[in-house]
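Below is query_28.pdb, which holds PDB, C-alpha atoms.
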ATOM      1  CA  LEU A 233     -19.093 -18.425 -25.212
ATOM      2  CA  ALA A 234     -18.917 -14.793 -26.154
ATOM      3  CA  ASN A 235     -16.723 -12.397 -24.220
ATOM      4  CA  ILE A 236     -17.946  -9.311 -22.402
ATOM      5  CA  SER A 237     -16.560  -6.151 -23.964
ATOM      6  CA  PHE A 238     -15.468  -2.995 -22.139
ATOM      7  CA  ALA A 239     -16.045   0.675 -22.838
ATOM      8  CA  SER A 240     -14.549   3.289 -20.539
ATOM      9  CA  ASP A 241     -14.399   0.822 -17.603
ATOM     10  CA  ALA A 242     -18.108   0.117 -18.038
ATOM     11  CA  VAL A 243     -18.924  -3.547 -18.644
ATOM     12  CA  VAL A 244     -21.393  -4.034 -21.476
ATOM     13  CA  ILE A 245     -24.413  -6.003 -20.333
ATOM     14  CA  PRO A 246     -24.795  -9.144 -22.473
ATOM     15  CA  ASP A 247     -28.086 -10.058 -24.110
ATOM     16  CA  ARG A 248     -30.335 -12.578 -22.407
ATOM     17  CA  PRO A 249     -29.026 -16.068 -23.206
ATOM     18  CA  SER A 250     -30.951 -19.244 -23.959
ATOM     19  CA  SER A 251     -29.140 -21.136 -21.204
ATOM     20  CA  ARG A 252     -29.668 -20.527 -17.481
ATOM     21  CA  VAL A 253     -25.922 -20.750 -16.785
ATOM     22  CA  ILE A 254     -23.633 -18.236 -18.458
ATOM     23  CA  ASP A 255     -19.944 -18.776 -17.701
ATOM     24  CA  TYR A 256     -17.892 -16.004 -19.294
ATOM     25  CA  ALA A 257     -15.020 -16.754 -16.877
ATOM     26  CA  ASN A 258     -14.663 -20.346 -18.113
ATOM     27  CA  VAL A 259     -14.501 -21.833 -14.624
ATOM     28  CA  LEU A 260     -17.033 -24.599 -15.338
ATOM     29  CA  THR A 261     -16.893 -27.653 -17.596
ATOM     30  CA  ASN A 262     -19.719 -28.379 -20.016
ATOM     31  CA  LYS A 263     -20.901 -31.204 -17.766
ATOM     32  CA  GLU A 264     -20.923 -28.890 -14.729
ATOM     33  CA  GLU A 265     -22.891 -26.269 -16.656
ATOM     34  CA  ASP A 266     -25.485 -28.872 -17.646
ATOM     35  CA  SER A 267     -25.809 -29.966 -14.027
ATOM     36  CA  LEU A 268     -26.249 -26.391 -12.755
ATOM     37  CA  ASN A 269     -28.757 -25.703 -15.516
ATOM     38  CA  LYS A 270     -30.886 -28.516 -14.112
ATOM     39  CA  TYR A 271     -30.544 -27.132 -10.567
ATOM     40  CA  LEU A 272     -31.721 -23.727 -11.745
ATOM     41  CA  ALA A 273     -34.598 -25.189 -13.762
ATOM     42  CA  ASP A 274     -35.738 -27.145 -10.696
ATOM     43  CA  LEU A 275     -36.118 -23.874  -8.747
ATOM     44  CA  LYS A 276     -39.038 -23.019 -11.008
ATOM     45  CA  GLU A 277     -40.865 -26.096  -9.677
ATOM     46  CA  SER A 278     -40.403 -25.158  -6.002
ATOM     47  CA  ASN A 279     -43.236 -24.349  -3.602
ATOM     48  CA  GLU A 280     -42.147 -20.752  -4.166
ATOM     49  CA  PRO A 281     -41.215 -20.863  -7.882
ATOM     50  CA  ALA A 282     -38.219 -18.848  -9.050
ATOM     51  CA  GLU A 283     -37.002 -18.192 -12.584
ATOM     52  CA  ALA A 284     -33.267 -18.368 -11.922
ATOM     53  CA  PHE A 285     -30.074 -17.587 -13.837
ATOM     54  CA  LEU A 286     -26.375 -17.782 -13.005
ATOM     55  CA  LEU A 287     -23.965 -15.302 -14.596
ATOM     56  CA  VAL A 288     -20.225 -15.781 -14.030
ATOM     57  CA  VAL A 289     -17.787 -13.135 -15.311
ATOM     58  CA  ASN A 290     -14.113 -12.397 -14.778
ATOM     59  CA  THR A 291     -14.617  -8.783 -13.756
ATOM     60  CA  ILE A 292     -17.181  -6.005 -13.755
ATOM     61  CA  GLY A 293     -14.488  -3.339 -13.916
ATOM     62  CA  SER A 294     -15.122  -0.321 -11.727
ATOM     63  CA  GLN A 295     -18.845  -0.967 -11.479
ATOM     64  CA  ASN A 296     -20.626  -1.683  -8.231
ATOM     65  CA  ILE A 297     -21.799  -5.312  -7.995
ATOM     66  CA  GLU A 298     -25.271  -4.209  -6.877
ATOM     67  CA  ASP A 299     -25.701  -1.828  -9.814
ATOM     68  CA  TYR A 300     -24.322  -4.318 -12.313
ATOM     69  CA  SER A 301     -26.558  -7.155 -11.075
ATOM     70  CA  ASN A 302     -29.615  -4.926 -11.139
ATOM     71  CA  SER A 303     -28.826  -3.798 -14.689
ATOM     72  CA  VAL A 304     -28.522  -7.391 -15.908
ATOM     73  CA  PHE A 305     -31.684  -8.382 -14.048
ATOM     74  CA  ARG A 306     -33.671  -5.590 -15.689
ATOM     75  CA  LYS A 307     -32.251  -6.092 -19.186
ATOM     76  CA  TRP A 308     -32.951  -9.813 -19.129
ATOM     77  CA  LYS A 309     -36.443  -9.211 -17.694
ATOM     78  CA  ILE A 310     -36.121 -12.183 -15.377
ATOM     79  CA  GLY A 311     -39.246 -13.465 -13.682
ATOM     80  CA  ASN A 312     -42.974 -13.478 -14.221
ATOM     81  CA  LYS A 313     -44.518 -10.019 -14.614
ATOM     82  CA  GLU A 314     -47.346 -10.849 -12.216
ATOM     83  CA  THR A 315     -45.394 -12.681  -9.496
ATOM     84  CA  ASN A 316     -41.989 -10.938  -9.855
ATOM     85  CA  ASN A 317     -40.224 -14.226  -9.090
ATOM     86  CA  GLY A 318     -36.938 -13.587 -10.887
ATOM     87  CA  LEU A 319     -33.597 -14.632  -9.378
ATOM     88  CA  LEU A 320     -30.150 -13.801 -10.725
ATOM     89  CA  ILE A 321     -26.836 -14.959  -9.241
ATOM     90  CA  VAL A 322     -23.877 -12.857 -10.386
ATOM     91  CA  VAL A 323     -20.272 -13.775  -9.593
ATOM     92  CA  ALA A 324     -17.211 -11.758 -10.646
ATOM     93  CA  ILE A 325     -14.301 -14.187 -10.180
ATOM     94  CA  LYS A 326     -11.359 -11.779 -10.445
ATOM     95  CA  ASP A 327     -13.103  -9.108  -8.359
ATOM     96  CA  LYS A 328     -14.122 -11.655  -5.694
ATOM     97  CA  LYS A 329     -17.603 -10.173  -5.679
ATOM     98  CA  PHE A 330     -20.967 -11.895  -5.766
ATOM     99  CA  ARG A 331     -24.620 -10.992  -5.415
ATOM    100  CA  THR A 332     -28.063 -12.517  -5.810
ATOM    101  CA  GLU A 333     -30.720 -10.227  -7.242
ATOM    102  CA  VAL A 334     -34.358 -11.201  -6.651
ATOM    103  CA  GLY A 335     -37.720  -9.843  -7.738
ATOM    104  CA  TYR A 336     -40.216  -8.334  -5.308
ATOM    105  CA  GLY A 337     -42.153 -11.574  -5.164
ATOM    106  CA  LEU A 338     -39.214 -13.422  -3.570
ATOM    107  CA  GLU A 339     -37.963 -10.752  -1.167
ATOM    108  CA  GLY A 340     -40.057 -12.126   1.694
ATOM    109  CA  ILE A 341     -38.648 -15.641   1.550
ATOM    110  CA  LEU A 342     -35.183 -14.628   0.283
ATOM    111  CA  PRO A 343     -34.165 -11.453   2.166
ATOM    112  CA  ASP A 344     -30.774  -9.848   1.516
ATOM    113  CA  GLY A 345     -29.349 -10.929   4.866
ATOM    114  CA  PHE A 346     -30.121 -14.594   4.226
ATOM    115  CA  LEU A 347     -28.763 -14.488   0.676
ATOM    116  CA  GLY A 348     -25.553 -12.703   1.656
ATOM    117  CA  GLN A 349     -24.761 -15.089   4.501
ATOM    118  CA  SER A 350     -25.598 -18.144   2.377
ATOM    119  CA  MET A 351     -23.254 -17.009  -0.407
ATOM    120  CA  ARG A 352     -20.436 -16.360   2.047
ATOM    121  CA  ASP A 353     -20.947 -19.781   3.605
ATOM    122  CA  THR A 354     -20.981 -21.682   0.317
ATOM    123  CA  PHE A 355     -18.761 -19.606  -1.993
ATOM    124  CA  LYS A 356     -15.734 -18.409  -0.041
ATOM    125  CA  ASN A 357     -14.038 -21.645   0.980
ATOM    126  CA  ASN A 358     -14.896 -23.423  -2.264
ATOM    127  CA  PHE A 359     -13.758 -20.498  -4.415
ATOM    128  CA  LYS A 360     -10.443 -20.293  -2.554
ATOM    129  CA  LYS A 361      -9.835 -23.892  -3.645
ATOM    130  CA  LYS A 362     -11.057 -22.973  -7.154
ATOM    131  CA  ASN A 363     -13.863 -25.461  -6.651
ATOM    132  CA  TYR A 364     -16.425 -23.219  -8.280
ATOM    133  CA  TYR A 365     -18.900 -25.898  -9.222
ATOM    134  CA  LYS A 366     -19.086 -27.131  -5.610
ATOM    135  CA  GLY A 367     -19.716 -23.578  -4.391
ATOM    136  CA  PHE A 368     -22.541 -23.045  -6.885
ATOM    137  CA  GLU A 369     -24.025 -26.472  -6.185
ATOM    138  CA  ASP A 370     -24.046 -25.918  -2.408
ATOM    139  CA  TYR A 371     -25.620 -22.484  -2.797
ATOM    140  CA  LEU A 372     -28.338 -23.739  -5.131
ATOM    141  CA  ASN A 373     -29.130 -26.514  -2.658
ATOM    142  CA  VAL A 374     -29.611 -23.852   0.039
ATOM    143  CA  LEU A 375     -31.941 -21.895  -2.255
ATOM    144  CA  HIS A 376     -33.855 -25.034  -3.200
ATOM    145  CA  GLU A 377     -34.415 -25.923   0.444
ATOM    146  CA  ARG A 378     -35.460 -22.380   1.305
ATOM    147  CA  LEU A 379     -37.901 -22.075  -1.595
ATOM    148  CA  ASN A 380     -39.525 -25.352  -0.601
ATOM    149  CA  THR A 381     -39.993 -24.199   2.976
ATOM    150  CA  LYS A 382     -42.771 -21.816   4.001
ATOM    151  CA  THR A 383     -41.655 -18.302   4.807
ATOM    152  CA  GLN A 384     -41.103 -17.259   8.403
ATOM    153  CA  GLU A 385     -43.528 -14.371   8.056
ATOM    154  CA  GLU A 386     -46.650 -16.344   7.092
ATOM    155  CA  PRO A 387     -47.048 -18.462  10.264
ATOM    156  CA  VAL A 388     -46.514 -15.385  12.415
ATOM    157  CA  LYS A 389     -49.307 -13.543  10.649
ATOM    158  CA  VAL A 390     -51.695 -16.472  11.161
ATOM    159  CA  VAL A 391     -50.845 -16.732  14.861
ATOM    160  CA  LEU A 392     -51.359 -13.032  15.409
ATOM    161  CA  SER A 393     -54.626 -12.877  13.512
ATOM    162  CA  GLU A 394     -56.254 -16.039  14.849
ATOM    163  CA  THR A 395     -54.722 -17.159  18.127
ATOM    164  CA  ASN A 396     -53.324 -14.157  19.921
ATOM    165  CA  LEU A 397     -55.596 -11.412  18.640
ATOM    166  CA  GLY A 398     -57.895 -11.657  21.676
ATOM    167  CA  ALA A 399     -54.933 -11.710  24.036
ATOM    168  CA  ILE A 400     -53.525  -8.595  22.382
ATOM    169  CA  PHE A 401     -56.788  -6.721  22.996
ATOM    170  CA  VAL A 402     -56.779  -7.879  26.618
ATOM    171  CA  VAL A 403     -53.236  -6.599  27.092
ATOM    172  CA  ILE A 404     -54.119  -3.294  25.462
ATOM    173  CA  GLY A 405     -57.166  -3.021  27.746
ATOM    174  CA  LEU A 406     -55.088  -3.725  30.857
ATOM    175  CA  ILE A 407     -52.489  -1.157  29.843
ATOM    176  CA  SER A 408     -55.241   1.409  29.263
ATOM    177  CA  CYS A 409     -56.699   0.699  32.721
ATOM    178  CA  VAL A 410     -53.305   1.106  34.346
ATOM    179  CA  ILE A 411     -52.755   4.415  32.563
ATOM    180  CA  ILE A 412     -56.203   5.669  33.619
ATOM    181  CA  TRP A 413     -55.609   4.571  37.230
ATOM    182  CA  LEU A 414     -52.199   6.238  37.363
ATOM    183  CA  THR A 415     -53.675   9.401  35.907
ATOM    184  CA  TYR A 416     -56.409   9.329  38.550
ATOM    185  CA  LEU A 417     -53.846   8.877  41.334
ATOM    186  CA  VAL A 418     -51.784  11.793  40.059
ATOM    187  CA  LEU A 419     -54.834  14.049  39.868
ATOM    188  CA  LEU A 420     -56.002  12.922  43.326
ATOM    189  CA  THR A 421     -52.563  13.507  44.797
ATOM    190  CA  ASN A 422     -52.389  16.977  43.282
ATOM    191  CA  LYS A 423     -55.877  17.790  44.575
ATOM    192  CA  ARG A 424     -55.031  16.678  48.118
ATOM    193  CA  LYS A 425     -51.740  18.541  47.971
ATOM    194  CA  LYS A 426     -53.580  21.731  46.984
ATOM    195  CA  GLN A 427     -56.160  21.230  49.756
ATOM    196  CA  TYR A 428     -53.359  20.750  52.287
ATOM    197  CA  GLU A 429     -51.552  23.873  51.089
ATOM    198  CA  ASP A 430     -54.802  25.870  51.284
ATOM    199  CA  THR A 431     -55.439  24.609  54.845
ATOM    200  CA  VAL A 432     -51.897  25.475  55.944
ATOM    201  CA  ARG A 433     -52.209  28.903  54.372
ATOM    202  CA  THR A 434     -55.542  29.528  56.131
ATOM    203  CA  ILE A 435     -54.109  28.547  59.532
ATOM    204  CA  ALA A 436     -51.088  30.726  58.959
ATOM    205  CA  ASP A 437     -53.292  33.677  58.038
ATOM    206  CA  LYS A 438     -55.355  33.255  61.211
ATOM    207  CA  GLU A 439     -52.261  33.122  63.415
ATOM    208  CA  LEU A 440     -50.915  36.287  61.863
ATOM    209  CA  THR A 441     -54.188  38.203  62.180
ATOM    210  CA  VAL A 442     -54.121  40.836  64.996
ATOM    211  CA  VAL A 443     -57.428  41.219  66.829
ATOM    212  CA  PRO A 444     -57.879  44.911  67.875
ATOM    213  CA  LYS A 445     -58.579  45.683  71.535
ATOM    214  CA  ASN A 446     -61.859  47.369  72.517
TER     215      ASN A 446
END

Show me this structure written as structure tokens.
Amino acid sequence: LANISFASDAVVIPDRPSSRVIDYANVLTNKEEDSLNKYLADLKESNEPAEAFLLVVNTIGSQNIEDYSNSVFRKWKIGNKETNNGLLIVVAIKDKKFRTEVGYGLEGILPDGFLGQSMRDTFKNNFKKKNYYKGFEDYLNVLHERLNTKTQEEPVKVVLSETNLGAIFVVIGLISCVIIWLTYLVLLTNKRKKQYEDTVRTIADKELTVVPKN
């Protein structure tokens, strides 16, 4: 495997490889790479297909992991142009940094929060034991399961549009009625208060009026 070169602390982005697994850190055996290549290829056959790559490097220097991952993702042009289903896993072994970059088409089913927590759960303990293959395998299993499960957002949209839409309008109508009724009560209260004040003022004026003697 070729090495990544450095220029002024900036890691040079490698060209897109023919393999789905690129291990510049040499933490995987050839057999492990072949196995992970199959895992990644299988993601393209999921219910939510993903064109996936795994890039493992020693370090990204002073670069931010988010910026570096995004640069690789764009240079390699990962994913279908129409569906934007690209997925790139980047791990910097020496830096202890990792990130999964996904295309717009996968952001709904693979949000950042889910990806970050899944990587922490599968990478940290395995990487501490230098069991890198196990960490990658566990993480890819999580992705495989997720991509073969319907998104959380889709059922909610169906429920709102078909089942609860009428109930929502009823609730909105009830709220509107309550607001109108409260407004009416406030106006009525103010009107009665004004009438009372006018009556009191009239009585007071009469009591203070001096009737002249004949």

Quiz item: Can you tell me how far atom CA of Ile325 of chain A sits from atom CA of Leu260 of chain A, in Å to one decimal?
Solution: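 So the answer is 11.9 Å.
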
Self-check item: Resolved residues for the PyMOL selection byres ((chain A and resi 285) around 9) as a PyMOL selection string
Solution: chain A and resi 251-254+269+272-273+283-284+286-287+310+318-322

Practice problem: For a cut-off of 10 Å around (-30.8, -20.0, -4.5), file coordinates, pick out all residues using all atoms listed in the file and list them as a list in words. | Solution: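 Output: Tyr271, Leu272, Leu275, Ala282, Ala284, Phe285, Leu286, Leu319, Leu320, Ile321, Thr332, Val334, Leu342, Leu347, Ser350, Met351, Phe368, Glu369, Asp370, Tyr371, Leu372, Asn373, Val374, Leu375, His376, Glu377, Arg378 and Leu379 of chain A.
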
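In terms of minimum interatomic distance to Gly311 of chain A, A:Pro281 ranks closest within A:Pro281, A:Phe330, A:Pro246, A:Val288, counting only C-alpha atoms.
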
Quiz item: Between atom CA of Lys263 of chain A and atom CA of Asn290 of chain A, what is the distance, to one decimal in Å?
Solution: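 Atom-to-atom, atom CA of Lys263 of chain A and atom CA of Asn290 of chain A are spaced 20.2 Å apart.
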
Quiz item: What lies within 7 Å of segment 302-308 of chain A using all atoms listed in the file, ignoring chain neighbours under 3 positions off, as a PyMOL selection string?
Solution: chain A and resi 245+247-248+298-299+320+333

Quiz item: Mind pulling up the distance from atom CA of Lys425 of chain A to atom CA of Cys409 of chain A?
Solution: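 That distance, rounded to one decimal, is 24.0 Å.
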
Quiz item: What lies within 9 Å of Val259 of chain A using all atoms listed in the file, ignoring chain neighbours under 3 positions off, as number ranges by chain?
Solution: A: 255-256, 288, 325, 362-365

Around all listed atoms of segment 342-353 of chain A, padded 8 Å per side, what centre and edge lengths does the axis-aligned box have in Å to one decimal, as AutoDock Vina command-line options?
--center_x -27.8 --center_y -14.8 --center_z 2.2 --size_x 30.7 --size_y 25.9 --size_z 21.3

Quiz item: Taking (-7.3, -11.9, -7.7) in the file's coordinates, which residues come within 12 Å, counting all atoms listed in the file, written as an MDAnalysis selection string?
Solution: chainID A and resid 290:291 324:329 359:360 362

Quiz item: Looking at A:Arg352, A:Lys313, A:Val323, A:Leu419, which one is nearest to Gly337 of chain A, with distances taken over all atoms listed in the file?
Solution: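 Among A:Arg352, A:Lys313, A:Val323, A:Leu419, it is A:Lys313 that comes nearest to Gly337 of chain A.
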
Self-check item: Pick from A:Ser278, A:Thr261, A:Asn312, A:Ser267 nearest to Thr381 of chain A, counting all atoms listed in the file
Solution: A:Ser278

Give me segment 290-301 of chain A with all heavy atoms filled in, as a JSON list (two decimals), in the frame of the given file.
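Output (out-v4.json):
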[["chain", "number", "residue", "atom", "x", "y", "z"],
["A", 290, "ASN", "N", -15.44, -12.61, -15.37],
["A", 290, "ASN", "CA", -14.11, -12.40, -14.78],
["A", 290, "ASN", "C", -14.11, -11.15, -13.91],
["A", 290, "ASN", "O", -13.65, -11.17, -12.77],
["A", 290, "ASN", "CB", -13.05, -12.28, -15.87],
["A", 290, "ASN", "CG", -12.45, -13.63, -16.24],
["A", 290, "ASN", "OD1", -12.18, -14.45, -15.37],
["A", 290, "ASN", "ND2", -12.29, -13.87, -17.53],
["A", 291, "THR", "N", -14.63, -10.06, -14.47],
["A", 291, "THR", "CA", -14.62, -8.78, -13.76],
["A", 291, "THR", "C", -15.77, -7.91, -14.23],
["A", 291, "THR", "O", -16.25, -8.06, -15.36],
["A", 291, "THR", "CB", -13.28, -8.04, -13.98],
["A", 291, "THR", "OG1", -13.31, -6.78, -13.29],
["A", 291, "THR", "CG2", -13.02, -7.80, -15.45],
["A", 292, "ILE", "N", -16.17, -7.01, -13.37],
["A", 292, "ILE", "CA", -17.18, -6.00, -13.76],
["A", 292, "ILE", "C", -16.54, -4.62, -13.79],
["A", 292, "ILE", "O", -17.22, -3.60, -13.75],
["A", 292, "ILE", "CB", -18.38, -6.02, -12.80],
["A", 292, "ILE", "CG1", -17.95, -5.79, -11.35],
["A", 292, "ILE", "CG2", -19.16, -7.32, -12.93],
["A", 292, "ILE", "CD1", -19.10, -5.64, -10.37],
["A", 293, "GLY", "N", -15.20, -4.61, -13.84],
["A", 293, "GLY", "CA", -14.49, -3.34, -13.92],
["A", 293, "GLY", "C", -14.69, -2.50, -12.66],
["A", 293, "GLY", "O", -14.62, -3.00, -11.54],
["A", 294, "SER", "N", -14.96, -1.24, -12.86],
["A", 294, "SER", "CA", -15.12, -0.32, -11.73],
["A", 294, "SER", "C", -16.56, -0.25, -11.23],
["A", 294, "SER", "O", -16.86, 0.48, -10.30],
["A", 294, "SER", "CB", -14.66, 1.09, -12.13],
["A", 294, "SER", "OG", -15.45, 1.56, -13.22],
["A", 295, "GLN", "N", -17.43, -1.04, -11.85],
["A", 295, "GLN", "CA", -18.84, -0.97, -11.48],
["A", 295, "GLN", "C", -19.11, -1.61, -10.12],
["A", 295, "GLN", "O", -18.41, -2.53, -9.70],
["A", 295, "GLN", "CB", -19.71, -1.66, -12.54],
["A", 295, "GLN", "CG", -19.80, -0.90, -13.85],
["A", 295, "GLN", "CD", -20.91, -1.42, -14.73],
["A", 295, "GLN", "OE1", -22.07, -1.45, -14.32],
["A", 295, "GLN", "NE2", -20.57, -1.81, -15.94],
["A", 296, "ASN", "N", -20.15, -1.12, -9.48],
["A", 296, "ASN", "CA", -20.63, -1.68, -8.23],
["A", 296, "ASN", "C", -21.39, -2.97, -8.54],
["A", 296, "ASN", "O", -22.20, -3.01, -9.46],
["A", 296, "ASN", "CB", -21.52, -0.64, -7.54],
["A", 296, "ASN", "CG", -22.08, -1.13, -6.22],
["A", 296, "ASN", "OD1", -22.96, -1.98, -6.19],
["A", 296, "ASN", "ND2", -21.57, -0.57, -5.14],
["A", 297, "ILE", "N", -21.16, -4.02, -7.73],
["A", 297, "ILE", "CA", -21.80, -5.31, -8.00],
["A", 297, "ILE", "C", -23.32, -5.22, -7.91],
["A", 297, "ILE", "O", -24.04, -5.88, -8.68],
["A", 297, "ILE", "CB", -21.27, -6.40, -7.02],
["A", 297, "ILE", "CG1", -21.83, -7.78, -7.38],
["A", 297, "ILE", "CG2", -21.59, -6.05, -5.58],
["A", 297, "ILE", "CD1", -21.32, -8.34, -8.67],
["A", 298, "GLU", "N", -23.83, -4.37, -7.00],
["A", 298, "GLU", "CA", -25.27, -4.21, -6.88],
["A", 298, "GLU", "C", -25.86, -3.57, -8.14],
["A", 298, "GLU", "O", -26.88, -4.04, -8.66],
["A", 298, "GLU", "CB", -25.63, -3.36, -5.65],
["A", 298, "GLU", "CG", -25.41, -4.05, -4.31],
["A", 298, "GLU", "CD", -23.96, -4.00, -3.86],
["A", 298, "GLU", "OE1", -23.14, -3.34, -4.55],
["A", 298, "GLU", "OE2", -23.65, -4.61, -2.83],
["A", 299, "ASP", "N", -25.21, -2.52, -8.62],
["A", 299, "ASP", "CA", -25.70, -1.83, -9.81],
["A", 299, "ASP", "C", -25.62, -2.72, -11.04],
["A", 299, "ASP", "O", -26.53, -2.76, -11.87],
["A", 299, "ASP", "CB", -24.90, -0.54, -10.05],
["A", 299, "ASP", "CG", -25.12, 0.49, -8.96],
["A", 299, "ASP", "OD1", -26.15, 0.40, -8.27],
["A", 299, "ASP", "OD2", -24.26, 1.37, -8.80],
["A", 300, "TYR", "N", -24.51, -3.44, -11.16],
["A", 300, "TYR", "CA", -24.32, -4.32, -12.31],
["A", 300, "TYR", "C", -25.38, -5.43, -12.32],
["A", 300, "TYR", "O", -26.01, -5.71, -13.34],
["A", 300, "TYR", "CB", -22.92, -4.93, -12.29],
["A", 300, "TYR", "CG", -22.67, -5.89, -13.44],
["A", 300, "TYR", "CD1", -22.42, -5.41, -14.72],
["A", 300, "TYR", "CD2", -22.70, -7.26, -13.24],
["A", 300, "TYR", "CE1", -22.20, -6.29, -15.78],
["A", 300, "TYR", "CE2", -22.48, -8.15, -14.28],
["A", 300, "TYR", "CZ", -22.23, -7.65, -15.55],
["A", 300, "TYR", "OH", -22.03, -8.52, -16.60],
["A", 301, "SER", "N", -25.58, -6.07, -11.17],
["A", 301, "SER", "CA", -26.56, -7.16, -11.08],
["A", 301, "SER", "C", -27.96, -6.66, -11.41],
["A", 301, "SER", "O", -28.72, -7.32, -12.12],
["A", 301, "SER", "CB", -26.54, -7.76, -9.66],
["A", 301, "SER", "OG", -25.27, -8.26, -9.33]]
